[in-house]
Amino acid sequence: MKRPPKFGVRWVCLSCLNCALATGAAMLPSAWQHEQPFTVPSAGLIKLSLPVETLDAARSGLEDLRLYDEAGNEAPYWVAHPVPVIRTRHPAKSFHVSLTPHTSVITLETGLTQDVDGLTLESPANNFIKPVRIEGSLDREDWHTLGEGQPVFRQPDGAAQLHLSFPSGVWPWLRLTVDDRRSQPIPLTGASLDVAATAAEPEAAEWMQAAIAERHENPGETRLTLNLGAANLDIAAIKIETDAPLFARQIALAVTQVSEDSIREQILARGTIFRVALEGGPASENLSVPLGSQVRSRQLLLFINNGDSPPLPIKEVRVKRRPVYLLFLARQAGSYHALTGNRHCSAPSYDLSALNINPKSIPVSALTLPPPVENPNYQAPEVLPGITDNGTPLDVSAWKFRKPVKIVRAGAQQLELDLDALAHAQSGLQDIRLLHDARQIPYIVEHTSITRSVQASATAANDAKDAGLSRWTIQLPEAGLPLTQLACTARTPLFHREVALYQEMEDERGTKYRQPLAQGSWMQTPEHTNREFVLQINSPLHGDRVFLETRNGDNPPVDLQNFRFFYPVSSILFKASTEEPVFLYYGNAKAAPPQYDLSLVAGQLVMADKAPAALSAEERLPGFAVRDNRQSGTGTVALWSVLALVVVVLLWLITRLLPKPPPTGKHE
């Protein structure tokens, strides 16, 4: 075969390597689930963009990707991952602020000989919005306008935009004119400069739509679960489309991640989206937030901090994906096979260091891989083979409650814990156990930011002796619930109150005292209307009643209604079959956390297709007894009863032991 002069030494090295790795087997290996056949029209060095279907079918690091030619020879390859441009930031060499009757003028010396294309201001002010004009100069005499009317702001809820962008250029001097006509000047203390990238990103990224799989409205926060359509995508940024005319919101992006013995949500990036229109200037907006991370699951969590504002109407969410490239040497034209879907193989080790391949210098081929299909030679392994359901026996005599678990499909399961389990289990869920046939089923706890609401009944319990005090007694459906927020609404249009939430407790002597749970300030005016008030509960609840109080001063009482509590959703993930009945046990105050080897393969369980399991009615076990630590006063009555009995017995013993008085008689 004639060697194309274009590739030189690379061709010889790869050809020798291909020959050394030839297997001589025409059949594809049976341990790989997915196959993508494609045709190479001519021999040579091939660079193609891996489609999202390939990334989704493969492992996160492409450890299971293999290439075979039509003769069954394994072809070594090179993967070029996206490398985002790293931007550098430098403090300004000098920073000077001067005030005029209507503006704040900042003159700064960059101290840089490289191109700059943006800067970020520094200010301790926490409530402002101002337009800025940006100018650049080479000699501090002639000034050129680089930007006009760009907004800078910071809101009390934390939403902020202090970055200004402008065309790239070498500017020894920059001048910023901040418009102070609509509000008082703010303190400006410094600025950092963005050095422009020396080269553009190696390949253009593509925008993809992300489906909104779930939407949860928590108090003051919108939680969106985004379905990316594939796993293992390198996401550069996310963009939100909304018709809201004017807004500013803090957002956060997160993924679920295994942490020690549980699953929690990890924040990947934070940012601010906004759409503002300043008087006399054009509307400005920023609806995207940079991410720059590989998302290993198909789901990405998006949190929007609404504060006291209504939730944003979301039309669409899109993500910007950076491509991943596959490079290999096709020794000859013909059919090739890309294989993926092997969860247990090791990553290949190809000696390609001598090739000195620069992926940027190789053009992308027009070849496209078809969607993955089932490998005809594939032999399916056991579902989640690293997880065994043959656990150790457990003596459940110390457990007080259990619930049957409904399993509708064998394999990986997701079971959300209900109010009964959350109320009667330990606060850290250490006593949760899953059993079938008296043996434990290993599980891992998944903590989420999803909240569920619990409606509560509230009755006015004002003090007749204190007309200026309003009090509500709130009855909870269960004692000991892990509640984190209280929300209620007011029909009173104008008021300002300090509100306190507390519970009544008893000490060992039976003396009642108040334990504070939450407090806050609630104000409603025509300019600031917040009909729903939310209190963050900072202490655990022990009983099934709490109290809300506020002082009215000389004002009429506030009319409150629609009392709701919120608690975070916790689930457990496990593997089970439909052959044996499964029970959830809880209610053992002395149980220590279980130690399962399941944490070693928790990643498989998280990525697996999980069936939703459900809980049935609660059963009280024979050893059930009311727990002293859940209801205030229950243990105190029993304690005083025992003490009273002890006192009576002691008095009786003392009277028996005292000497009897001598008998009285007549003296002679």
# chains A, B, ... in the order shown; residues from 1 in each chain; ligands from 1
>>> residues_around(residues="segment 333-337 of chain A", least_positions_apart="2", cutoff="10 Å", atoms="only C-alpha atoms", output="number ranges by chain")
A: 28, 34-44, 66-75, 330-331, 339-340, 369
>>> write_last_selection(atoms="C-alpha atoms", output="mmCIF file, in the first residue's frame")
data_model
loop_
_atom_site.group_PDB
_atom_site.id
_atom_site.type_symbol
_atom_site.label_atom_id
_atom_site.label_comp_id
_atom_site.auth_asym_id
_atom_site.auth_seq_id
_atom_site.Cartn_x
_atom_site.Cartn_y
_atom_site.Cartn_z
ATOM 1 C CA LEU A 28 -16.792 -8.472 17.717
ATOM 2 C CA HIS A 34 -23.379 -1.142 21.740
ATOM 3 C CA GLU A 35 -22.038 -1.067 18.209
ATOM 4 C CA GLN A 36 -21.803 1.799 15.732
ATOM 5 C CA PRO A 37 -20.753 0.609 12.249
ATOM 6 C CA PHE A 38 -19.416 3.222 9.831
ATOM 7 C CA THR A 39 -17.548 3.303 6.544
ATOM 8 C CA VAL A 40 -14.246 5.035 5.881
ATOM 9 C CA PRO A 41 -14.034 6.000 2.183
ATOM 10 C CA SER A 42 -10.238 6.155 2.033
ATOM 11 C CA ALA A 43 -7.212 5.341 4.127
ATOM 12 C CA GLY A 44 -5.625 8.063 6.224
ATOM 13 C CA ARG A 66 -12.981 0.421 21.203
ATOM 14 C CA LEU A 67 -12.450 0.511 17.419
ATOM 15 C CA TYR A 68 -12.335 -2.560 15.155
ATOM 16 C CA ASP A 69 -11.927 -2.890 11.428
ATOM 17 C CA GLU A 70 -13.897 -5.353 9.323
ATOM 18 C CA ALA A 71 -11.276 -8.060 9.862
ATOM 19 C CA GLY A 72 -11.659 -7.855 13.643
ATOM 20 C CA ASN A 73 -8.399 -5.969 14.249
ATOM 21 C CA GLU A 74 -8.445 -3.460 17.108
ATOM 22 C CA ALA A 75 -7.478 0.034 15.944
ATOM 23 C CA ALA A 330 -7.537 3.958 8.946
ATOM 24 C CA ARG A 331 -5.063 1.559 7.322
ATOM 25 C CA LEU A 339 -17.976 -0.316 20.496
ATOM 26 C CA THR A 340 -19.218 1.083 23.817
ATOM 27 C CA LEU A 369 -21.369 7.781 13.426
#
>>> residues_around(residues="segment 274-278 of chain A", least_positions_apart="6", cutoff="6 Å", atoms="only C-alpha atoms", output="NGL selection string")
:A and (246-248 or 284-286)
>>> write_last_selection(atoms="N, CA and C atoms", output="compact mmCIF listing (two decimals), in the first residue's frame")
# COMPACT_ATOMS: atom_id res chain seq x y z
N LEU A 246 -38.53 42.49 33.10
CA LEU A 246 -37.48 43.06 33.95
C LEU A 246 -37.27 42.13 35.15
N PHE A 247 -36.04 41.72 35.36
CA PHE A 247 -35.76 40.82 36.48
C PHE A 247 -34.26 40.74 36.68
N ALA A 248 -33.88 40.23 37.83
CA ALA A 248 -32.50 39.88 38.15
C ALA A 248 -32.56 38.72 39.13
N SER A 284 -30.74 45.94 28.44
CA SER A 284 -29.57 45.07 28.53
C SER A 284 -29.99 43.77 29.19
N GLU A 285 -29.37 42.69 28.77
CA GLU A 285 -29.70 41.40 29.36
C GLU A 285 -28.51 40.47 29.32
N ASN A 286 -28.53 39.54 30.24
CA ASN A 286 -27.60 38.41 30.25
C ASN A 286 -28.39 37.21 30.75
>>> residues_around(residues="Pro540 of chain A", least_positions_apart="6", cutoff="10 Å", atoms="only C-alpha atoms", output="PyMOL selection string")
chain A and resi 427+480-484+503+515+517
>>> residues_around(residues="Leu62 of chain A", least_positions_apart="2", cutoff="12 Å", atoms="only C-alpha atoms", output="count of residues only")
34
